[in-house]
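Engineer: Dropping in coords.csv, with CSV, C-alpha atoms and all ligand atoms.
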chain,number,residue,atom,x,y,z
A,1,MET,CA,-216.4,7.6,-28.1
A,2,ASP,CA,-219.3,7.6,-25.7
A,3,LEU,CA,-218.2,5.0,-23.1
A,4,ASN,CA,-221.4,5.3,-21.2
A,5,LYS,CA,-223.2,4.1,-24.3
A,6,VAL,CA,-220.7,1.3,-24.7
A,7,ARG,CA,-221.2,0.2,-21.1
A,8,HIS,CA,-225.0,0.3,-21.2
A,9,LEU,CA,-225.3,-1.7,-24.5
A,10,SER,CA,-222.8,-4.3,-23.4
A,11,ASP,CA,-224.6,-4.8,-20.1
A,12,ALA,CA,-228.0,-5.1,-21.8
A,13,GLY,CA,-226.8,-8.0,-24.0
A,14,ARG,CA,-226.7,-10.3,-21.1
A,15,PHE,CA,-230.5,-11.0,-21.2
A,16,ASP,CA,-230.1,-12.9,-24.5
A,17,LEU,CA,-229.0,-16.5,-23.8
A,18,ALA,CA,-229.2,-17.8,-27.4
A,19,CYS,CA,-225.6,-18.7,-27.5
A,20,GLU,CA,-223.4,-21.0,-25.3
A,21,CYS,CA,-222.1,-18.2,-23.1
A,22,THR,CA,-221.1,-20.1,-20.0
A,23,THR,CA,-218.8,-17.7,-18.2
A,24,GLN,CA,-218.8,-14.0,-18.0
A,25,LYS,CA,-215.4,-12.6,-18.1
A,26,ALA,CA,-214.2,-11.5,-14.6
A,27,ARG,CA,-215.3,-7.9,-14.2
A,28,GLU,CA,-212.7,-7.3,-11.5
A,29,LYS,CA,-209.8,-8.0,-13.9
A,30,TYR,CA,-207.7,-4.9,-13.9
A,31,THR,CA,-207.2,-3.1,-17.2
A,32,GLU,CA,-206.2,0.4,-18.1
A,33,ASP,CA,-208.0,0.2,-21.4
A,34,ALA,CA,-211.1,2.4,-21.2
A,35,ILE,CA,-213.0,0.5,-23.9
A,36,GLN,CA,-212.3,-2.9,-22.4
A,37,GLN,CA,-213.4,-1.5,-19.0
A,38,ALA,CA,-216.7,-0.3,-20.5
A,39,THR,CA,-217.4,-3.7,-22.3
A,40,LEU,CA,-216.5,-6.1,-19.5
A,41,GLY,CA,-220.3,-6.7,-18.9
A,42,GLY,CA,-220.6,-8.0,-22.4
A,43,ILE,CA,-217.5,-10.2,-22.7
A,44,TYR,CA,-218.2,-13.9,-22.3
A,45,THR,CA,-216.5,-17.2,-22.7
A,46,SER,CA,-218.5,-19.2,-25.1
A,47,HIS,CA,-218.6,-22.8,-26.5
A,48,ILE,CA,-219.2,-22.1,-30.1
A,49,THR,CA,-218.4,-25.4,-31.6
A,50,ASP,CA,-217.9,-28.8,-30.0
A,51,GLY,CA,-215.0,-28.5,-27.6
A,52,LYS,CA,-213.9,-25.1,-28.7
A,53,THR,CA,-214.0,-22.2,-26.3
A,54,VAL,CA,-213.7,-18.6,-27.4
A,55,LYS,CA,-214.2,-15.1,-26.0
A,56,ILE,CA,-217.1,-13.3,-27.5
A,57,PHE,CA,-218.4,-9.7,-27.2
A,58,LYS,CA,-222.2,-9.6,-26.8
A,59,THR,CA,-223.9,-6.3,-27.4
A,60,LEU,CA,-227.2,-4.7,-28.4
A,61,MET,CA,-227.2,-2.2,-31.3
A,62,THR,CA,-229.7,-0.2,-29.3
A,63,ASN,CA,-231.6,-0.6,-26.0
A,64,SER,CA,-234.6,1.4,-27.4
A,65,CYS,CA,-237.6,-0.7,-28.4
A,66,THR,CA,-241.0,0.0,-29.9
A,67,HIS,CA,-242.3,-3.4,-28.7
A,68,ASP,CA,-244.2,-4.1,-25.5
A,69,CYS,CA,-243.0,-7.3,-24.0
A,70,ASN,CA,-244.2,-7.3,-20.4
A,71,TYR,CA,-241.0,-8.7,-18.8
A,72,CYS,CA,-238.4,-6.6,-20.6
A,73,GLN,CA,-236.7,-3.5,-19.3
A,74,ASN,CA,-236.5,-2.1,-22.9
A,75,SER,CA,-240.2,-2.4,-23.5
A,76,THR,CA,-242.6,0.5,-24.0
A,77,ARG,CA,-244.5,-0.8,-21.0
A,78,CYS,CA,-241.6,-0.4,-18.6
A,79,THR,CA,-242.5,2.6,-16.6
A,80,LYS,CA,-239.0,3.5,-15.6
A,81,GLN,CA,-237.4,4.3,-18.9
A,82,ASN,CA,-233.6,4.0,-18.6
A,83,ALA,CA,-231.3,6.0,-20.7
A,84,LYS,CA,-231.5,5.0,-24.3
A,85,PHE,CA,-228.6,4.5,-26.6
A,86,MET,CA,-227.9,3.5,-30.2
A,87,TYR,CA,-224.6,2.7,-31.9
A,88,GLU,CA,-223.7,4.0,-35.3
A,89,PRO,CA,-222.5,1.0,-37.3
A,90,ASP,CA,-219.0,2.3,-37.7
A,91,GLU,CA,-218.8,3.1,-34.0
A,92,LEU,CA,-219.8,-0.5,-33.0
A,93,ALA,CA,-217.5,-2.0,-35.6
A,94,LYS,CA,-214.6,0.0,-34.2
A,95,VAL,CA,-215.4,-1.0,-30.6
A,96,PHE,CA,-215.4,-4.7,-31.7
A,97,MET,CA,-212.2,-4.5,-33.7
A,98,HIS,CA,-210.5,-2.7,-30.9
A,99,LEU,CA,-211.4,-5.5,-28.5
A,100,HIS,CA,-210.4,-8.1,-31.1
A,101,LYS,CA,-207.0,-6.6,-31.8
A,102,ASN,CA,-206.1,-5.8,-28.2
A,103,HIS,CA,-207.9,-8.3,-26.0
A,104,ASP,CA,-208.2,-11.7,-27.8
A,105,ILE,CA,-212.0,-11.3,-28.5
A,106,GLU,CA,-212.7,-13.9,-31.2
A,107,GLY,CA,-216.4,-13.5,-31.8
A,108,LEU,CA,-219.3,-11.0,-31.9
A,109,PHE,CA,-222.9,-11.6,-30.8
A,110,ILE,CA,-225.0,-8.8,-32.1
A,111,SER,CA,-228.7,-8.3,-31.0
A,112,SER,CA,-231.0,-5.3,-30.6
A,113,GLY,CA,-234.1,-3.7,-29.4
A,114,ILE,CA,-236.3,-2.5,-32.3
A,115,VAL,CA,-236.4,1.2,-33.3
A,116,LYS,CA,-238.8,2.4,-36.0
A,117,ASP,CA,-239.2,-1.1,-37.3
A,118,ALA,CA,-237.3,-4.4,-37.6
A,119,ASP,CA,-236.0,-3.6,-41.1
A,120,PHE,CA,-234.6,-0.2,-40.1
A,121,THR,CA,-232.8,-1.7,-37.1
A,122,THR,CA,-231.6,-4.7,-39.0
A,123,ASP,CA,-230.1,-2.4,-41.6
A,124,LYS,CA,-228.0,-0.8,-38.9
A,125,MET,CA,-226.9,-4.3,-37.7
A,126,LEU,CA,-226.1,-5.3,-41.2
A,127,GLU,CA,-224.0,-2.2,-41.9
A,128,THR,CA,-222.0,-3.1,-38.7
A,129,VAL,CA,-221.3,-6.7,-39.6
A,130,LYS,CA,-220.5,-5.7,-43.2
A,131,LEU,CA,-217.9,-3.2,-42.0
A,132,VAL,CA,-216.5,-5.8,-39.6
A,133,ARG,CA,-216.2,-8.4,-42.4
A,134,GLN,CA,-215.3,-6.2,-45.4
A,135,LYS,CA,-213.6,-3.1,-44.1
A,136,TYR,CA,-211.8,-4.7,-41.2
A,137,ASN,CA,-211.5,-8.2,-42.7
A,138,PHE,CA,-212.6,-10.1,-39.6
A,139,LYS,CA,-212.9,-13.8,-40.4
A,140,GLY,CA,-214.1,-15.1,-37.0
A,141,TYR,CA,-217.4,-16.0,-35.4
A,142,ILE,CA,-220.4,-13.7,-35.8
A,143,HIS,CA,-223.8,-14.6,-34.2
A,144,PHE,CA,-226.5,-12.5,-35.8
A,145,LYS,CA,-229.8,-12.0,-34.1
A,146,VAL,CA,-232.7,-12.0,-36.5
A,147,LEU,CA,-235.4,-9.6,-35.3
A,148,PRO,CA,-239.1,-10.6,-35.3
A,149,GLY,CA,-241.0,-9.4,-38.4
A,150,VAL,CA,-237.9,-8.5,-40.4
A,151,SER,CA,-238.0,-8.9,-44.2
A,152,TYR,CA,-236.7,-11.9,-46.1
A,153,ASP,CA,-234.1,-9.9,-48.0
A,154,LYS,CA,-232.5,-8.7,-44.7
A,155,VAL,CA,-232.3,-12.2,-43.4
A,156,ARG,CA,-230.8,-13.3,-46.6
A,157,GLU,CA,-228.1,-10.6,-46.4
A,158,ALA,CA,-227.4,-11.4,-42.7
A,159,ARG,CA,-226.6,-15.0,-43.8
A,160,ARG,CA,-223.7,-13.6,-46.0
A,161,TYR,CA,-221.9,-12.4,-42.9
A,162,ALA,CA,-223.1,-14.6,-40.0
A,163,THR,CA,-221.6,-17.8,-38.6
A,164,ARG,CA,-224.7,-18.6,-36.6
A,165,MET,CA,-228.1,-17.0,-36.6
A,166,SER,CA,-231.0,-17.0,-34.2
A,167,ILE,CA,-234.4,-15.6,-33.5
A,168,ASN,CA,-235.9,-16.0,-30.1
A,169,ILE,CA,-239.2,-17.8,-29.9
A,170,GLU,CA,-239.7,-16.6,-26.3
A,171,ALA,CA,-242.9,-18.6,-25.7
A,172,THR,CA,-244.4,-22.1,-26.4
A,173,SER,CA,-247.4,-21.0,-28.6
A,174,ALA,CA,-249.3,-18.1,-30.1
A,175,GLN,CA,-251.6,-18.2,-27.1
A,176,ARG,CA,-248.7,-18.0,-24.6
A,177,ILE,CA,-246.9,-15.2,-26.4
A,178,ASN,CA,-250.1,-13.1,-26.4
A,179,GLU,CA,-249.9,-13.1,-22.6
A,180,PHE,CA,-246.9,-10.8,-22.8
A,181,THR,CA,-247.0,-8.9,-26.0
A,182,SER,CA,-249.6,-7.4,-28.3
A,183,ILE,CA,-247.2,-6.8,-31.2
A,184,LYS,CA,-245.2,-10.0,-32.0
A,185,THR,CA,-247.1,-12.7,-33.8
A,186,PHE,CA,-245.8,-16.2,-33.0
A,187,LYS,CA,-246.2,-17.9,-36.3
A,188,SER,CA,-245.7,-15.1,-38.8
A,189,ASP,CA,-243.1,-12.9,-37.1
A,190,ILE,CA,-241.1,-15.6,-35.5
A,191,LEU,CA,-241.6,-19.2,-36.8
A,192,ARG,CA,-241.7,-18.0,-40.4
A,193,ARG,CA,-238.4,-16.3,-40.0
A,194,GLN,CA,-237.0,-19.4,-38.3
A,195,ALA,CA,-238.0,-21.4,-41.4
A,196,TRP,CA,-236.2,-18.9,-43.6
A,197,ILE,CA,-233.0,-19.3,-41.6
A,198,LYS,CA,-233.3,-23.0,-41.8
A,199,GLY,CA,-233.6,-22.8,-45.6
A,200,MET,CA,-230.4,-20.6,-45.7
A,201,SER,CA,-228.3,-23.1,-43.6
A,202,PRO,CA,-225.9,-20.8,-41.7
A,203,PRO,CA,-222.5,-22.4,-41.3
A,204,SER,CA,-222.9,-23.0,-37.6
A,205,GLY,CA,-226.7,-23.4,-37.7
A,206,GLN,CA,-229.4,-21.6,-35.8
A,207,SER,CA,-230.4,-21.5,-32.1
A,208,THR,CA,-233.3,-20.0,-30.2
A,209,GLN,CA,-234.3,-18.9,-26.7
A,210,LEU,CA,-237.4,-19.6,-24.7
A,211,VAL,CA,-238.3,-17.6,-21.6
A,212,VAL,CA,-239.4,-20.2,-19.0
A,213,GLY,CA,-242.1,-19.3,-16.6
A,214,ALA,CA,-243.1,-15.8,-18.0
A,215,ALA,CA,-246.4,-16.9,-19.5
A,216,GLY,CA,-247.6,-19.6,-17.1
A,217,GLU,CA,-246.7,-22.5,-19.5
A,218,THR,CA,-246.1,-26.0,-18.2
A,219,ASP,CA,-242.9,-28.0,-18.8
A,220,ALA,CA,-245.1,-30.3,-21.0
A,221,GLU,CA,-245.7,-27.3,-23.3
A,222,VAL,CA,-242.0,-26.4,-23.3
A,223,LEU,CA,-241.1,-30.0,-24.2
A,224,ASN,CA,-243.6,-30.1,-27.0
A,225,MET,CA,-242.1,-27.0,-28.4
A,226,MET,CA,-238.6,-28.4,-27.9
A,227,ARG,CA,-239.5,-31.4,-29.9
A,228,TRP,CA,-241.2,-29.4,-32.6
A,229,GLU,CA,-238.2,-27.1,-32.9
A,230,TYR,CA,-235.6,-29.9,-33.1
A,231,ASP,CA,-237.7,-31.9,-35.5
A,232,ASN,CA,-238.7,-29.1,-37.8
A,233,MET,CA,-236.1,-26.3,-37.7
A,234,ASP,CA,-232.8,-28.1,-37.7
A,235,LEU,CA,-232.0,-26.3,-34.5
A,236,HIS,CA,-228.4,-26.4,-33.2
A,237,ARG,CA,-229.6,-25.6,-29.6
A,238,MET,CA,-232.6,-24.4,-27.7
A,239,TYR,CA,-231.8,-22.2,-24.7
A,240,TYR,CA,-234.1,-22.0,-21.6
A,241,SER,CA,-234.0,-18.6,-19.8
A,242,PRO,CA,-235.7,-18.7,-16.4
A,243,PHE,CA,-238.0,-15.7,-16.1
A,244,ASN,CA,-236.8,-13.2,-13.6
A,245,PRO,CA,-239.1,-10.2,-12.8
A,246,ILE,CA,-237.6,-6.7,-13.5
A,247,SER,CA,-238.9,-3.8,-11.5
A,248,SER,CA,-241.1,-1.2,-13.3
A,249,THR,CA,-242.3,-3.8,-15.8
A,250,PRO,CA,-245.9,-5.1,-15.9
A,251,PHE,CA,-244.5,-8.5,-14.7
A,252,GLU,CA,-242.5,-7.1,-11.8
A,253,ALA,CA,-244.8,-8.8,-9.2
A,254,ARG,CA,-244.8,-12.2,-10.9
A,255,GLU,CA,-242.8,-15.0,-9.2
A,256,ALA,CA,-239.4,-15.8,-10.7
A,257,ALA,CA,-239.0,-19.2,-12.3
A,258,PRO,CA,-236.6,-21.3,-10.2
A,259,LYS,CA,-233.2,-21.7,-11.8
A,260,TRP,CA,-233.5,-25.5,-11.2
A,261,ARG,CA,-236.5,-25.5,-13.6
A,262,ALA,CA,-234.3,-24.4,-16.5
A,263,HIS,CA,-231.6,-26.8,-15.4
A,264,ARG,CA,-234.0,-29.8,-15.5
A,265,LEU,CA,-235.2,-28.7,-19.0
A,266,TYR,CA,-231.6,-28.7,-20.1
A,267,ASN,CA,-231.2,-32.2,-18.7
A,268,VAL,CA,-234.2,-33.5,-20.7
A,269,ASP,CA,-233.2,-31.6,-23.8
A,270,TRP,CA,-229.9,-33.4,-23.6
A,271,LEU,CA,-231.6,-36.8,-23.2
A,272,TYR,CA,-233.6,-36.0,-26.4
A,273,ARG,CA,-230.8,-34.7,-28.5
A,274,LYS,CA,-227.8,-36.7,-27.3
A,275,TYR,CA,-229.1,-39.9,-25.7
A,276,GLY,CA,-231.7,-40.8,-28.2
A,277,TYR,CA,-234.7,-40.9,-25.8
A,278,GLU,CA,-238.0,-41.1,-27.6
A,279,PHE,CA,-240.4,-38.2,-26.9
A,280,ASN,CA,-242.9,-40.6,-25.3
A,281,GLU,CA,-240.2,-41.7,-22.8
A,282,ILE,CA,-239.5,-38.1,-21.9
A,283,LYS,CA,-243.2,-37.4,-21.3
A,284,GLU,CA,-243.1,-40.2,-18.7
A,285,ILE,CA,-240.7,-38.1,-16.6
A,286,LEU,CA,-243.3,-35.3,-16.1
A,287,ASN,CA,-245.5,-35.4,-13.0
A,288,ASP,CA,-249.3,-35.2,-13.1
A,289,ASN,CA,-249.2,-31.4,-13.4
A,290,GLY,CA,-247.1,-31.5,-16.5
A,291,MET,CA,-244.0,-30.3,-14.7
A,292,LEU,CA,-240.5,-31.8,-14.3
A,293,PRO,CA,-239.6,-32.7,-10.7
A,294,ASN,CA,-236.4,-31.2,-9.4
A,295,GLU,CA,-234.5,-34.6,-9.7
A,296,ASP,CA,-232.2,-36.0,-12.3
A,297,PRO,CA,-234.7,-36.9,-15.1
A,298,LYS,CA,-232.6,-39.9,-16.3
A,299,THR,CA,-232.7,-41.4,-12.8
A,300,ILE,CA,-236.5,-40.8,-12.6
A,301,HIS,CA,-236.9,-42.7,-15.9
A,302,ALA,CA,-234.6,-45.5,-14.8
A,303,LYS,CA,-236.4,-46.0,-11.5
A,304,LYS,CA,-239.7,-46.2,-13.3
A,305,PHE,CA,-238.7,-48.5,-16.2
A,306,LEU,CA,-235.5,-50.4,-15.5
A,307,THR,CA,-237.2,-53.0,-13.4
A,308,GLN,CA,-234.5,-55.6,-14.2
A,309,PRO,CA,-230.7,-54.9,-14.0
A,310,ILE,CA,-229.1,-54.2,-17.4
A,311,ASP,CA,-226.4,-56.8,-18.1
A,312,VAL,CA,-223.4,-54.8,-19.3
A,313,SER,CA,-222.0,-57.8,-21.0
A,314,SER,CA,-224.9,-58.1,-23.4
A,315,ALA,CA,-226.9,-54.8,-23.4
A,316,THR,CA,-227.2,-52.8,-26.6
A,317,LYS,CA,-225.8,-49.3,-26.7
A,318,GLU,CA,-229.4,-47.9,-26.5
A,319,GLU,CA,-230.0,-50.0,-23.3
A,320,LEU,CA,-226.7,-48.8,-21.8
A,321,LEU,CA,-227.8,-45.2,-22.5
A,322,ARG,CA,-230.8,-45.6,-20.2
A,323,VAL,CA,-228.6,-46.3,-17.2
A,324,PRO,CA,-227.8,-43.3,-15.0
A,325,GLY,CA,-224.0,-42.7,-14.9
A,326,ILE,CA,-223.5,-43.9,-18.4
A,327,GLY,CA,-223.3,-41.3,-21.2
A,328,PRO,CA,-222.9,-41.7,-25.0
A,329,LYS,CA,-219.1,-41.9,-25.0
A,330,THR,CA,-219.0,-44.4,-22.2
A,331,ALA,CA,-221.7,-46.6,-23.8
A,332,GLN,CA,-219.7,-46.6,-27.0
A,333,LYS,CA,-216.5,-47.5,-25.2
A,334,ILE,CA,-218.3,-50.4,-23.4
A,335,VAL,CA,-219.6,-51.8,-26.7
A,336,GLU,CA,-216.0,-51.5,-28.1
A,337,LEU,CA,-214.4,-53.1,-25.1
A,338,ARG,CA,-216.7,-56.1,-25.1
A,339,LYS,CA,-215.3,-57.2,-28.4
A,340,SER,CA,-212.0,-58.1,-26.7
A,341,THR,CA,-213.3,-58.6,-23.2
A,342,PRO,CA,-216.8,-60.1,-23.1
A,343,ASN,CA,-217.0,-60.1,-19.3
A,344,LEU,CA,-216.2,-56.6,-18.3
A,345,LYS,CA,-215.1,-55.9,-14.7
A,346,ARG,CA,-216.2,-52.9,-12.6
A,347,GLU,CA,-212.8,-51.3,-12.9
A,348,GLN,CA,-213.1,-51.4,-16.7
A,349,LEU,CA,-216.5,-49.7,-16.5
A,350,HIS,CA,-215.0,-47.1,-14.3
A,351,GLU,CA,-212.1,-46.5,-16.7
A,352,ALA,CA,-214.6,-46.3,-19.6
A,353,GLY,CA,-216.2,-43.3,-17.7
A,354,ALA,CA,-219.2,-44.9,-16.0
A,355,ILE,CA,-220.1,-43.3,-12.7
A,356,LEU,CA,-220.6,-46.5,-10.7
A,357,HIS,CA,-222.4,-45.2,-7.7
A,358,ARG,CA,-225.2,-43.9,-10.0
A,359,ALA,CA,-225.1,-46.9,-12.3
A,360,ASP,CA,-224.9,-49.7,-9.7
A,361,PRO,CA,-228.6,-50.0,-8.8
A,362,PHE,CA,-229.4,-50.6,-12.4
A,363,ILE,CA,-226.7,-52.9,-13.8
A,364,LYS,CA,-225.5,-56.4,-13.6
A,365,VAL,CA,-221.7,-56.9,-13.9
A,366,ASN,CA,-220.2,-60.4,-14.2
A,367,GLY,CA,-223.4,-61.8,-12.7
A,368,TRP,CA,-223.3,-59.4,-9.8
A,369,SER,CA,-226.1,-56.8,-9.2
A,370,GLN,CA,-227.1,-54.7,-6.3
A,371,ARG,CA,-230.0,-56.6,-4.9
A,372,THR,CA,-232.9,-54.2,-5.4
A,373,ILE,CA,-233.4,-51.0,-7.3
A,374,THR,CA,-235.2,-49.6,-4.3
A,375,ALA,CA,-231.9,-49.8,-2.5
A,376,PHE,CA,-230.9,-46.8,-4.6
Q,1,LIG,S1,-238.7,-7.1,-28.7
Q,1,LIG,FE1,-237.0,-7.7,-27.4
Q,1,LIG,S2,-236.1,-5.7,-26.7
Q,1,LIG,FE2,-238.1,-5.3,-27.5
Q,1,LIG,S3,-239.5,-5.3,-25.7
Q,1,LIG,FE3,-239.5,-7.3,-26.6
Q,1,LIG,S4,-237.9,-8.6,-25.5
Q,1,LIG,FE4,-237.5,-6.3,-25.1
Here is the file; what I need is its structure written in the form of structure tokens.

Structural biologist:
Amino acid sequence: MDLNKVRHLSDAGRFDLACECTTQKAREKYTEDAIQQATLGGIYTSHITDGKTVKIFKTLMTNSCTHDCNYCQNSTRCTKQNAKFMYEPDELAKVFMHLHKNHDIEGLFISSGIVKDADFTTDKMLETVKLVRQKYNFKGYIHFKVLPGVSYDKVREARRYATRMSINIEATSAQRINEFTSIKTFKSDILRRQAWIKGMSPPSGQSTQLVVGAAGETDAEVLNMMRWEYDNMDLHRMYYSPFNPISSTPFEAREAAPKWRAHRLYNVDWLYRKYGYEFNEIKEILNDNGMLPNEDPKTIHAKKFLTQPIDVSSATKEELLRVPGIGPKTAQKIVELRKSTPNLKREQLHEAGAILHRADPFIKVNGWSQRTITAF
């Protein structure tokens, strides 16, 4: 086995965020296993379903690519061409099964650059997951990356083996994507494939990734796209990858997007998906340039709109969810608690999970409220 290939293709997988890979497995962990050593760059702890954490192996099928994305090290426009590798399907299936049997890996995330065309490359990926499922009888999690421009039949076949599927939208519009590639078409190559995936309902849904800051888009454009995606594509999650320039690519001199920008987009995404904020409320958080300030968006909203303290003894769940320091579980607990204890005390709010130092400027508890919101 070519361990150099294994190492390169495991490391290259880290650029794709379209899964909940929160923690990379510690590289320094000592192991005498050569394959595990080579794959440490691609082993992550991932939250694949609510509350469940598993170790997954992320890899590319190949780091060759015929596409020309201006920010990507695999692109034809990258002037420093790194060594190129491609797995044979049986080779990758064996690497994965070795990790699964010996190192508790419970999932596979398979993505790829595009060689020849999307169908050719997808056939290689399909052969791999078919072997993993049918020859090696693996029953666990497989995240299958759908490549832009691939045929319907290939997506259909991937659905047979995948737990979750994703295709990266990368940009907020056709105009924006044209700023970094002359090959991918936004509507046809990407959104159309997303609609196919939606129609096939993978068991664990579909996700996508948007590169933030590569094409000069505003947060207002990102949020419009976020809304469109959640409302139209039954998206499980949208991931925001802050653009980071890579040397020898056409975008090497562009400024990196600050990490906090992606962090604030995740905050707002959460308000939309989990807290039930209307899109019009979210737009109010943006500044005049259409960008999110680097401040907790829920607090910005509360300072602007909660001009009177919210009385926790009578507020609806929706009103409680507008208070900083009160999340969905806490709001539900408060509503339940009030059935037996109409006048809740501060200790009870604390026990229900409220973060009182954040909530205090915006709530009234037993007739008491902090005197002014500006005291916050
Ligand atoms: S299609 Fe993917 S791998 Fe290929 S150049 Fe674009 S971002 Fe890179």

Engineer: If I take atom CA of A:Gln73 and atom CA of A:Tyr240, how far is one from the other in Å, to one decimal?

Structural biologist: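 Atom-to-atom, atom CA of A:Gln73 and atom CA of A:Tyr240 are spaced 18.8 Å apart.
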
Engineer: Go ahead and compute the interatomic distance for atom CA of A:Tyr136 and atom CA of A:Met86, in Å to one decimal.

Structural biologist: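 Between atom CA of A:Tyr136 and atom CA of A:Met86 the gap is 21.2 Å.
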
Engineer: Chain A near ligand LIG 1 (chain Q) within 9 Å: what's each residue's closest atom pair and its distance in Å to one decimal, counting only C-alpha atoms and all ligand atoms, ordered by chain then ascending residue number, as a tab-separated table?

Structural biologist:
residue	atom	partner	partner_atom	distance
A:Phe15	CA	Q:LIG1	S4	8.9
A:Asp16	CA	Q:LIG1	S4	9.0
A:Thr62	CA	Q:LIG1	S2	8.8
A:Asn63	CA	Q:LIG1	S2	6.8
A:Ser64	CA	Q:LIG1	S2	7.3
A:Cys65	CA	Q:LIG1	FE2	4.7
A:Thr66	CA	Q:LIG1	FE2	6.5
A:His67	CA	Q:LIG1	S3	4.5
A:Asp68	CA	Q:LIG1	S3	4.9
A:Cys69	CA	Q:LIG1	FE3	4.4
A:Asn70	CA	Q:LIG1	S3	7.4
A:Tyr71	CA	Q:LIG1	S4	7.4
A:Cys72	CA	Q:LIG1	FE4	4.6
A:Gln73	CA	Q:LIG1	FE4	6.5
A:Asn74	CA	Q:LIG1	FE4	4.8
A:Ser75	CA	Q:LIG1	S3	3.7
A:Thr76	CA	Q:LIG1	S3	6.8
A:Arg77	CA	Q:LIG1	S3	8.2
A:Cys78	CA	Q:LIG1	S3	8.9
A:Ser111	CA	Q:LIG1	S2	8.9
A:Ser112	CA	Q:LIG1	S2	6.4
A:Gly113	CA	Q:LIG1	S2	3.9
A:Ile114	CA	Q:LIG1	FE2	5.8
A:Val115	CA	Q:LIG1	FE2	8.9
A:Leu147	CA	Q:LIG1	S1	7.8
A:Pro148	CA	Q:LIG1	S1	7.5
A:Asn168	CA	Q:LIG1	FE1	8.8
A:Glu170	CA	Q:LIG1	S4	8.2
A:Thr181	CA	Q:LIG1	FE3	7.7
A:Ile183	CA	Q:LIG1	S1	8.9
A:Lys184	CA	Q:LIG1	S1	7.8

Engineer: Between A:Pro324, A:Gly13, A:Ile310, A:Gly216, single out the one closest to A:Gln370, counting only C-alpha atoms.

Structural biologist: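 That would be A:Ile310, the residue with the smallest distance to A:Gln370.
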
Engineer: Distance cut-off 8 Å, centre (-214.8, -7.0, -30.4) in file coordinates, counting only C-alpha atoms: which residues qualify? Return them as a PyMOL selection string.

Structural biologist: chain A and resi 56-57+93-101+105-108

Engineer: At a cut-off of 7 Å, using all atoms listed in the file, what residues contact A:Met291? Leave out same-chain residues fewer than 5 positions from it and give the result as a count of residues only.

Structural biologist: 4

Engineer: Using Å and a single decimal, report how far atom CA of A:Trp260 sits from atom CA of A:Tyr275.

Structural biologist: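 One can read the atom CA of A:Tyr275 to atom CA of A:Trp260 distance as 20.9 Å.
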
Engineer: Residues at most 9 Å from stretch 340-344 of chain A, counting all atoms listed in the file, excluding those fewer than 3 positions away in the same chain, as a PyMOL selection string?

Structural biologist: chain A and resi 312-314+334+336-337+347-349+365-366

Engineer: Identify which of the residues A:Asp234, A:Glu252, A:Glu295, A:Asp269 lies closest to A:Val222, counting all atoms listed in the file when measuring atom-to-atom distances.

Structural biologist: A:Asp269

Engineer: Skip A:Glu217 itself and residues of its chain fewer than 4 positions away, then list as a VMD selection string all residues within 8 Å of it, counting only C-alpha atoms.

Structural biologist: chain A and resid 172 176 212 to 213 221 to 222

Engineer: Could you write those residues out with C-alpha atoms, as an mmCIF file, in the frame of the given file?

Structural biologist:
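Output file selection-v7.cif follows:
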data_model
loop_
_atom_site.group_PDB
_atom_site.id
_atom_site.type_symbol
_atom_site.label_atom_id
_atom_site.label_comp_id
_atom_site.auth_asym_id
_atom_site.auth_seq_id
_atom_site.Cartn_x
_atom_site.Cartn_y
_atom_site.Cartn_z
ATOM 1 C CA THR A 172 -244.400 -22.100 -26.400
ATOM 2 C CA ARG A 176 -248.700 -18.000 -24.600
ATOM 3 C CA VAL A 212 -239.400 -20.200 -19.000
ATOM 4 C CA GLY A 213 -242.100 -19.300 -16.600
ATOM 5 C CA GLU A 221 -245.700 -27.300 -23.300
ATOM 6 C CA VAL A 222 -242.000 -26.400 -23.300
#

Engineer: Taking all atoms listed in the file into account, name the residue in A:Ala262, A:Ala118, A:Leu131, A:Leu306 that is nearest to A:Glu88.

Structural biologist: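 Nearest to A:Glu88: A:Leu131.
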